[in-house]
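Q: Sharing run_8.txt, compact mmCIF, N, CA and C atoms and all ligand atoms:
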# COMPACT_ATOMS: atom_id res chain seq x y z
N MET A 1 25.34 -9.95 -18.67
CA MET A 1 25.22 -9.78 -17.21
C MET A 1 26.58 -10.09 -16.55
N ALA A 2 26.73 -9.60 -15.34
CA ALA A 2 28.00 -9.77 -14.62
C ALA A 2 28.20 -11.21 -14.16
N ASP A 3 29.37 -11.46 -13.60
CA ASP A 3 29.64 -12.79 -13.04
C ASP A 3 28.86 -12.98 -11.74
N CYS A 4 28.68 -14.25 -11.36
CA CYS A 4 28.03 -14.58 -10.10
C CYS A 4 28.81 -13.93 -8.95
N PHE A 5 28.07 -13.42 -7.95
CA PHE A 5 28.71 -12.76 -6.81
C PHE A 5 29.60 -13.76 -6.04
N PHE A 6 29.21 -15.01 -6.00
CA PHE A 6 29.93 -16.02 -5.23
C PHE A 6 30.96 -16.79 -6.05
N HIS A 7 30.76 -16.89 -7.36
CA HIS A 7 31.68 -17.61 -8.24
C HIS A 7 32.18 -16.68 -9.33
N THR A 8 33.42 -16.23 -9.22
CA THR A 8 33.96 -15.41 -10.31
C THR A 8 34.20 -16.31 -11.51
N GLY A 9 33.83 -15.81 -12.67
CA GLY A 9 34.00 -16.59 -13.89
C GLY A 9 32.74 -17.32 -14.31
N ARG A 10 31.80 -17.45 -13.39
CA ARG A 10 30.55 -18.11 -13.75
C ARG A 10 29.50 -17.02 -14.05
N PRO A 11 28.89 -17.06 -15.22
CA PRO A 11 27.96 -15.97 -15.56
C PRO A 11 26.70 -16.01 -14.69
N ALA A 12 26.28 -14.83 -14.29
CA ALA A 12 25.05 -14.72 -13.48
C ALA A 12 23.84 -14.85 -14.39
N VAL A 13 22.82 -15.51 -13.89
CA VAL A 13 21.58 -15.65 -14.67
C VAL A 13 20.46 -14.78 -14.11
N THR A 14 20.64 -14.34 -12.87
CA THR A 14 19.61 -13.52 -12.25
C THR A 14 20.25 -12.66 -11.16
N ARG A 15 19.42 -11.88 -10.50
CA ARG A 15 19.90 -11.04 -9.40
C ARG A 15 19.04 -11.25 -8.17
N CYS A 16 19.67 -11.07 -7.01
CA CYS A 16 18.93 -11.16 -5.76
C CYS A 16 17.89 -10.03 -5.74
N LYS A 17 16.67 -10.39 -5.41
CA LYS A 17 15.58 -9.41 -5.40
C LYS A 17 15.78 -8.37 -4.30
N GLN A 18 16.47 -8.80 -3.22
CA GLN A 18 16.63 -7.92 -2.07
C GLN A 18 17.86 -7.02 -2.20
N CYS A 19 19.04 -7.60 -2.45
CA CYS A 19 20.27 -6.79 -2.46
C CYS A 19 20.82 -6.57 -3.86
N GLY A 20 20.29 -7.26 -4.86
CA GLY A 20 20.70 -7.01 -6.23
C GLY A 20 22.00 -7.68 -6.66
N LYS A 21 22.53 -8.60 -5.83
CA LYS A 21 23.76 -9.30 -6.20
C LYS A 21 23.51 -10.21 -7.40
N PRO A 22 24.45 -10.24 -8.36
CA PRO A 22 24.29 -11.17 -9.48
C PRO A 22 24.50 -12.61 -9.02
N LEU A 23 23.66 -13.52 -9.50
CA LEU A 23 23.71 -14.91 -9.03
C LEU A 23 23.70 -15.88 -10.20
N CYS A 24 24.47 -16.96 -10.07
CA CYS A 24 24.43 -18.01 -11.08
C CYS A 24 23.28 -18.97 -10.74
N SER A 25 23.05 -19.92 -11.62
CA SER A 25 21.88 -20.79 -11.45
C SER A 25 21.98 -21.67 -10.21
N SER A 26 23.21 -21.96 -9.72
CA SER A 26 23.33 -22.82 -8.54
C SER A 26 23.30 -22.02 -7.23
N CYS A 27 23.47 -20.69 -7.32
CA CYS A 27 23.46 -19.86 -6.11
C CYS A 27 22.09 -19.28 -5.80
N ARG A 28 21.25 -19.16 -6.79
CA ARG A 28 19.96 -18.50 -6.55
C ARG A 28 19.08 -19.39 -5.67
N LYS A 29 18.37 -18.72 -4.78
CA LYS A 29 17.42 -19.40 -3.90
C LYS A 29 16.03 -18.92 -4.30
N ILE A 30 15.26 -19.84 -4.85
CA ILE A 30 13.93 -19.46 -5.34
C ILE A 30 12.91 -19.70 -4.22
N THR A 31 12.21 -18.65 -3.84
CA THR A 31 11.18 -18.73 -2.79
C THR A 31 9.87 -18.19 -3.35
N GLU A 32 8.84 -18.22 -2.51
CA GLU A 32 7.54 -17.68 -2.91
C GLU A 32 7.63 -16.18 -3.17
N GLU A 33 8.55 -15.52 -2.44
CA GLU A 33 8.66 -14.06 -2.56
C GLU A 33 9.51 -13.64 -3.74
N GLY A 34 10.30 -14.59 -4.30
CA GLY A 34 11.16 -14.25 -5.43
C GLY A 34 12.48 -14.98 -5.34
N ILE A 35 13.48 -14.47 -6.07
CA ILE A 35 14.80 -15.11 -6.11
C ILE A 35 15.76 -14.29 -5.23
N PHE A 36 16.49 -14.99 -4.35
CA PHE A 36 17.39 -14.31 -3.42
C PHE A 36 18.75 -15.00 -3.39
N CYS A 37 19.75 -14.29 -2.82
CA CYS A 37 21.10 -14.85 -2.75
C CYS A 37 21.28 -15.66 -1.47
N SER A 38 20.50 -15.35 -0.44
CA SER A 38 20.68 -16.02 0.85
C SER A 38 19.36 -16.05 1.60
N ASP A 39 19.34 -16.87 2.67
CA ASP A 39 18.14 -16.93 3.50
C ASP A 39 17.88 -15.58 4.18
N GLU A 40 19.00 -14.89 4.53
CA GLU A 40 18.85 -13.58 5.17
C GLU A 40 18.09 -12.61 4.26
N CYS A 41 18.50 -12.61 2.98
CA CYS A 41 17.85 -11.70 2.04
C CYS A 41 16.38 -12.08 1.86
N ALA A 42 16.10 -13.38 1.80
CA ALA A 42 14.72 -13.84 1.67
C ALA A 42 13.91 -13.40 2.87
N LYS A 43 14.51 -13.55 4.07
CA LYS A 43 13.83 -13.16 5.31
C LYS A 43 13.58 -11.66 5.33
N THR A 44 14.62 -10.89 4.98
CA THR A 44 14.49 -9.43 4.97
C THR A 44 13.39 -9.00 4.01
N ALA A 45 13.39 -9.62 2.83
CA ALA A 45 12.39 -9.27 1.82
C ALA A 45 11.00 -9.61 2.31
N LYS A 46 10.89 -10.75 3.01
CA LYS A 46 9.58 -11.17 3.51
C LYS A 46 9.08 -10.19 4.57
N ILE A 47 9.96 -9.83 5.50
CA ILE A 47 9.60 -8.87 6.55
C ILE A 47 9.20 -7.55 5.92
N TYR A 48 10.00 -7.13 4.93
CA TYR A 48 9.75 -5.87 4.25
C TYR A 48 8.40 -5.90 3.55
N ALA A 49 8.13 -7.04 2.85
CA ALA A 49 6.87 -7.17 2.12
C ALA A 49 5.69 -7.13 3.07
N GLU A 50 5.86 -7.81 4.24
CA GLU A 50 4.77 -7.82 5.22
C GLU A 50 4.53 -6.43 5.78
N ARG A 51 5.65 -5.71 6.04
CA ARG A 51 5.52 -4.35 6.57
C ARG A 51 4.82 -3.45 5.55
N MET A 52 5.17 -3.63 4.28
CA MET A 52 4.55 -2.84 3.22
C MET A 52 3.05 -3.12 3.16
N LYS A 53 2.72 -4.42 3.30
CA LYS A 53 1.31 -4.81 3.25
C LYS A 53 0.54 -4.16 4.40
N GLN A 54 1.17 -4.21 5.60
CA GLN A 54 0.55 -3.60 6.78
C GLN A 54 0.34 -2.11 6.56
N MET A 55 1.35 -1.46 6.00
CA MET A 55 1.26 -0.02 5.76
C MET A 55 0.15 0.29 4.77
N GLU A 56 0.05 -0.56 3.74
CA GLU A 56 -1.00 -0.38 2.75
C GLU A 56 -2.38 -0.50 3.39
N GLN A 57 -2.50 -1.52 4.27
CA GLN A 57 -3.79 -1.73 4.95
C GLN A 57 -4.12 -0.54 5.83
N GLN A 58 -3.09 -0.05 6.56
CA GLN A 58 -3.30 1.11 7.42
C GLN A 58 -3.74 2.31 6.61
N LYS A 59 -3.05 2.51 5.48
CA LYS A 59 -3.37 3.63 4.61
C LYS A 59 -4.80 3.51 4.10
N ALA A 60 -5.15 2.28 3.68
CA ALA A 60 -6.49 2.05 3.13
C ALA A 60 -7.55 2.33 4.18
N SER A 61 -7.30 1.85 5.42
CA SER A 61 -8.30 2.07 6.46
C SER A 61 -8.38 3.54 6.83
N TYR A 62 -7.23 4.22 6.80
CA TYR A 62 -7.21 5.65 7.09
C TYR A 62 -8.02 6.40 6.04
N ARG A 63 -7.78 6.01 4.77
CA ARG A 63 -8.50 6.64 3.67
C ARG A 63 -10.01 6.41 3.83
N ALA A 64 -10.36 5.16 4.18
CA ALA A 64 -11.78 4.82 4.33
C ALA A 64 -12.40 5.64 5.45
N SER A 65 -11.68 5.77 6.58
CA SER A 65 -12.25 6.51 7.71
C SER A 65 -12.39 7.98 7.34
N ARG A 66 -11.45 8.49 6.56
CA ARG A 66 -11.55 9.88 6.15
C ARG A 66 -12.75 10.09 5.25
N TRP A 67 -13.01 9.11 4.36
CA TRP A 67 -14.16 9.24 3.47
C TRP A 67 -15.46 9.18 4.22
N THR A 68 -15.56 8.29 5.23
CA THR A 68 -16.80 8.24 6.00
C THR A 68 -16.97 9.55 6.76
N GLY A 69 -15.87 10.15 7.19
CA GLY A 69 -15.93 11.44 7.87
C GLY A 69 -16.49 12.50 6.94
N ILE A 70 -16.03 12.53 5.70
CA ILE A 70 -16.52 13.50 4.71
C ILE A 70 -17.99 13.24 4.41
N ALA A 71 -18.36 11.95 4.29
CA ALA A 71 -19.74 11.58 4.01
C ALA A 71 -20.65 12.08 5.13
N LYS A 72 -20.20 11.94 6.38
CA LYS A 72 -20.96 12.42 7.54
C LYS A 72 -21.16 13.92 7.46
N LEU A 73 -20.08 14.62 7.11
CA LEU A 73 -20.11 16.08 7.00
C LEU A 73 -21.13 16.50 5.94
N ILE A 74 -21.10 15.79 4.79
CA ILE A 74 -22.03 16.11 3.69
C ILE A 74 -23.46 15.89 4.16
N LYS A 75 -23.68 14.80 4.89
CA LYS A 75 -25.02 14.50 5.40
C LYS A 75 -25.50 15.64 6.31
N ILE A 76 -24.63 16.09 7.20
CA ILE A 76 -24.98 17.18 8.12
C ILE A 76 -25.33 18.44 7.33
N ILE A 77 -24.54 18.72 6.29
CA ILE A 77 -24.78 19.92 5.48
C ILE A 77 -26.13 19.80 4.78
N VAL A 78 -26.43 18.61 4.23
CA VAL A 78 -27.70 18.39 3.54
C VAL A 78 -28.86 18.58 4.50
N VAL A 79 -28.75 17.99 5.71
CA VAL A 79 -29.82 18.11 6.70
C VAL A 79 -30.01 19.57 7.08
N LEU A 80 -28.93 20.28 7.30
CA LEU A 80 -29.00 21.70 7.64
C LEU A 80 -29.66 22.49 6.51
N GLY A 81 -29.30 22.14 5.27
CA GLY A 81 -29.88 22.80 4.10
C GLY A 81 -31.38 22.59 4.04
N ILE A 82 -31.82 21.36 4.30
CA ILE A 82 -33.26 21.05 4.30
C ILE A 82 -33.96 21.84 5.40
N LEU A 83 -33.36 21.82 6.58
CA LEU A 83 -33.94 22.55 7.71
C LEU A 83 -34.06 24.04 7.39
N PHE A 84 -33.02 24.55 6.77
CA PHE A 84 -33.01 25.97 6.41
C PHE A 84 -34.10 26.28 5.39
N ALA A 85 -34.27 25.37 4.42
CA ALA A 85 -35.30 25.55 3.39
C ALA A 85 -36.68 25.53 4.03
N ILE A 86 -36.90 24.60 4.97
CA ILE A 86 -38.19 24.51 5.67
C ILE A 86 -38.42 25.81 6.46
N TYR A 87 -37.37 26.24 7.12
CA TYR A 87 -37.45 27.46 7.92
C TYR A 87 -37.83 28.65 7.06
N LYS A 88 -37.18 28.77 5.91
CA LYS A 88 -37.47 29.89 5.00
C LYS A 88 -38.90 29.82 4.48
N TYR A 89 -39.32 28.59 4.17
CA TYR A 89 -40.67 28.36 3.67
C TYR A 89 -41.69 28.79 4.72
N VAL A 90 -41.44 28.36 5.97
CA VAL A 90 -42.34 28.69 7.07
C VAL A 90 -42.38 30.20 7.27
N VAL A 91 -41.24 30.82 7.26
CA VAL A 91 -41.15 32.27 7.47
C VAL A 91 -41.92 33.00 6.37
N ALA A 92 -41.71 32.58 5.11
CA ALA A 92 -42.34 33.22 3.98
C ALA A 92 -43.85 33.02 4.00
N ARG A 93 -44.26 31.90 4.45
CA ARG A 93 -45.68 31.52 4.38
C ARG A 93 -46.48 32.12 5.53
N PHE A 94 -45.96 32.01 6.76
CA PHE A 94 -46.78 32.31 7.93
C PHE A 94 -46.42 33.61 8.63
N ILE A 95 -45.19 34.04 8.45
CA ILE A 95 -44.81 35.24 9.17
C ILE A 95 -44.65 36.39 8.19
N ARG A 96 -45.58 37.30 8.29
CA ARG A 96 -45.55 38.44 7.41
C ARG A 96 -45.86 39.72 8.18
ZN ZN B 101 20.75 -10.84 -1.46
ZN ZN B 102 27.22 -18.82 -8.06
Would you mind giving the structure from this file in C-alpha cells?

A:
Amino acid sequence: MADCFFHTGRPAVTRCKQCGKPLCSSCRKITEEGIFCSDECAKTAKIYAERMKQMEQQKASYRASRWTGIAKLIKIIVVLGILFAIYKYVVARFIR
C-alpha cells in the first residue's frame, strides 16, 4: 500500500472511506460509519449515508404504492370479470 497521505515515509494501513486517501494507523479516524481521514470526510459520509437511506425509503414507499395500485387494478378487473360472467349467464338463461 502507498504511504500515509499526511506522513510521507510512513506506510498506510487503511484508506479513507470517503475520499480514499491512504492513512497510517495514527491518522485514521474510526467512527461508526467507518474509517476516515478527517471529521469533514466522516461528516460528508454520514450525510451521504443518510441521504442514501432516505432515497431507499422513498424508493421503497414508491414501489409499495405502485404495487397497491396494481393490486387495485387487478381487483377491478376481477370484479368486472365476475359481473360480466353473471351478465352472460343471465342473458343465456333468461333472454332468448
Ligand atoms: Zn477523507
Ligand atoms: Zn499518517

Q: One number please: CA of Lys29 in chain A to atom N of Glu50 in chain A, in Å, one decimal.

A: 18.3 Å

Q: Using only C-alpha atoms and all ligand atoms, find each residue with an atom at most 12 Å away from ligand ZN 102 (chain B) and format the answer as a list in words.

A: Ala2, Asp3, Cys4, Phe5, Phe6, His7, Thr8, Gly9, Arg10, Pro11, Ala12, Val13, Thr14, Arg15, Cys16, Lys21, Pro22, Leu23, Cys24, Ser25, Ser26, Cys27, Arg28, Lys29, Phe36, Cys37 and Ser38 of chain A

Q: Taking only C-alpha atoms into account, which of A:Lys88, A:Lys17, A:Arg66, A:Ile77 comes nearest Tyr48 in chain A?

A: A:Lys17

Q: Using the chain letters and numbers from this document, which residues of range 9-83 of chain A does DSSP assign to strand (DSSP E or B), as a PyMOL selection string?

A: chain A and resi 11+14-15+22-23+29-31+34-36

Q: Which residue out of A:Ala42, A:Val90, A:Ile30, A:Leu73 has the minimum interatomic distance to ligand ZN 101 (chain B) when all atoms listed in the file are used?

A: A:Ala42
